[in-house]
Amino acid sequence: MRKTAVALLASTVLVAGCGGGGKSATNASGAKVFASAGCGGCHTLSAANSNGQTGPNLDQLTPSYGTVVRQVSSGGGGMPSFSGKLSKGQIRDVAGFVVDSTKNHSAALTAFEPNHEQLADCHSDYACYKQAFGNIAYYDGPETALSRLATYMRTNQEVNSGCHQIAHSIGHAGYAHFHDNAAQALAHGSMTCWSGYYHGVVERAFAGVPRSKVASLARKMCTGSEINKTYFLLYQCVHGLGHGLMIYSLNDLPYSLKVCDRLATAWDRTSCTGGV
């Protein structure tokens, strides 16, 4: 009887040990996929010791499991699809790793802080370029910064390869330039490098806002009198909102369209969905 009890206890411990290690094993597998697929070359993720600057900062984005699976499988927004390179199991593993690594993360998208770095100071320093272009947007306005970015993209490989996140930085700085007025910032942008500027503005405007409240905020975003002076400014604002919603949601098309459909007028809704 005593031997039977001991055997049962040992079996219970073994089963518990196996069950407890499942998630850890999945995370270890996901971490390997993250590294081998080169995810860290584009994304910052502290759990992977990566500091990529081309794609979104995953510590700040804290995406859902379904969002990561969809984005890795289908690509979009400048990111290629990995469905032909990774198995479905590997995609699930890397999604689980990213979500488990970021779900309790406290990293926040901070406001742009200008300094006196200039483009001439950068010398192939990518972080410097992000700051310097942001400084131009902050001091001289985003249109000037985006024009300079387009020029540099034609001659500077460092800037061209990382232009999307540089445009994000210009968006963050443009938002600050207009004193956190997202409508003004959106109305004075352009679609340079996959609409990174619009993404950056909306990142700042929606920072910390839960999905359940985004639609009500979006509905008010482009309603100010200064934006409604001309259809051109209004269109830039609402169309840019559509672009920004896609990056906020990590290219969740149904969600972005649903938010656009909550806007006040048919013209707003059409202009927003055109940006999606």
# chains A, B, ... in the order shown; residues from 1 in each chain; ligands from 1

call {"tool": "residues_around", "arguments": {"residues": "segment 46-57 of chain A", "least_positions_apart": "5", "cutoff": "6 Å", "atoms": "only C-alpha atoms", "output": "list in words"}}
result
Gly40, Gly41, Gly162 and Gln165 of chain A

call {"tool": "select_by_dssp", "arguments": {"residues": "segment 50-246 of chain A", "states": "helix (DSSP H, G or I)", "output": "MDAnalysis selection string"}}
result
chainID A and resid 58:61 65:74 88:102 119:121 126:140 142:155 157:161 163:177 182:187 192:205 211:221 231:246

call {"tool": "atom_distance", "arguments": {"atom1": "atom CA of Asp140 of chain A", "atom2": "atom CA of Ser161 of chain A"}}
result
24.2 Å

call {"tool": "atom_distance", "arguments": {"atom1": "atom CA of His123 of chain A", "atom2": "atom CA of Met191 of chain A"}}
result
25.9 Å

call {"tool": "closest_residue", "arguments": {"among": "A:Val214, A:Leu186, A:Val202, A:Cys122", "to": "Phe232 of chain A", "atoms": "only C-alpha atoms"}}
result
A:Leu186

call {"tool": "closest_residue", "arguments": {"among": "A:Leu257, A:Met221, A:Leu61, A:Val99", "to": "Ala31 of chain A", "atoms": "only C-alpha atoms"}}
result
A:Val99

call {"tool": "closest_residue", "arguments": {"among": "A:Glu113, A:Ala167, A:Cys42, A:Asp252", "to": "Val68 of chain A", "atoms": "only C-alpha atoms"}}
result
A:Asp252

call {"tool": "atom_distance", "arguments": {"atom1": "atom CA of Tyr65 of chain A", "atom2": "atom CA of Gly242 of chain A"}}
result
22.9 Å

call {"tool": "residues_around", "arguments": {"residues": "Gly196 of chain A", "least_positions_apart": "5", "cutoff": "9 Å", "atoms": "only C-alpha atoms", "output": "MDAnalysis selection string"}}
result
chainID A and resid 77 163:171 190:191 201 243:244 247

call {"tool": "closest_residue", "arguments": {"among": "A:Arg219, A:Gln236, A:Phe112, A:Thr273", "to": "His179 of chain A", "atoms": "only C-alpha atoms"}}
result
A:Phe112
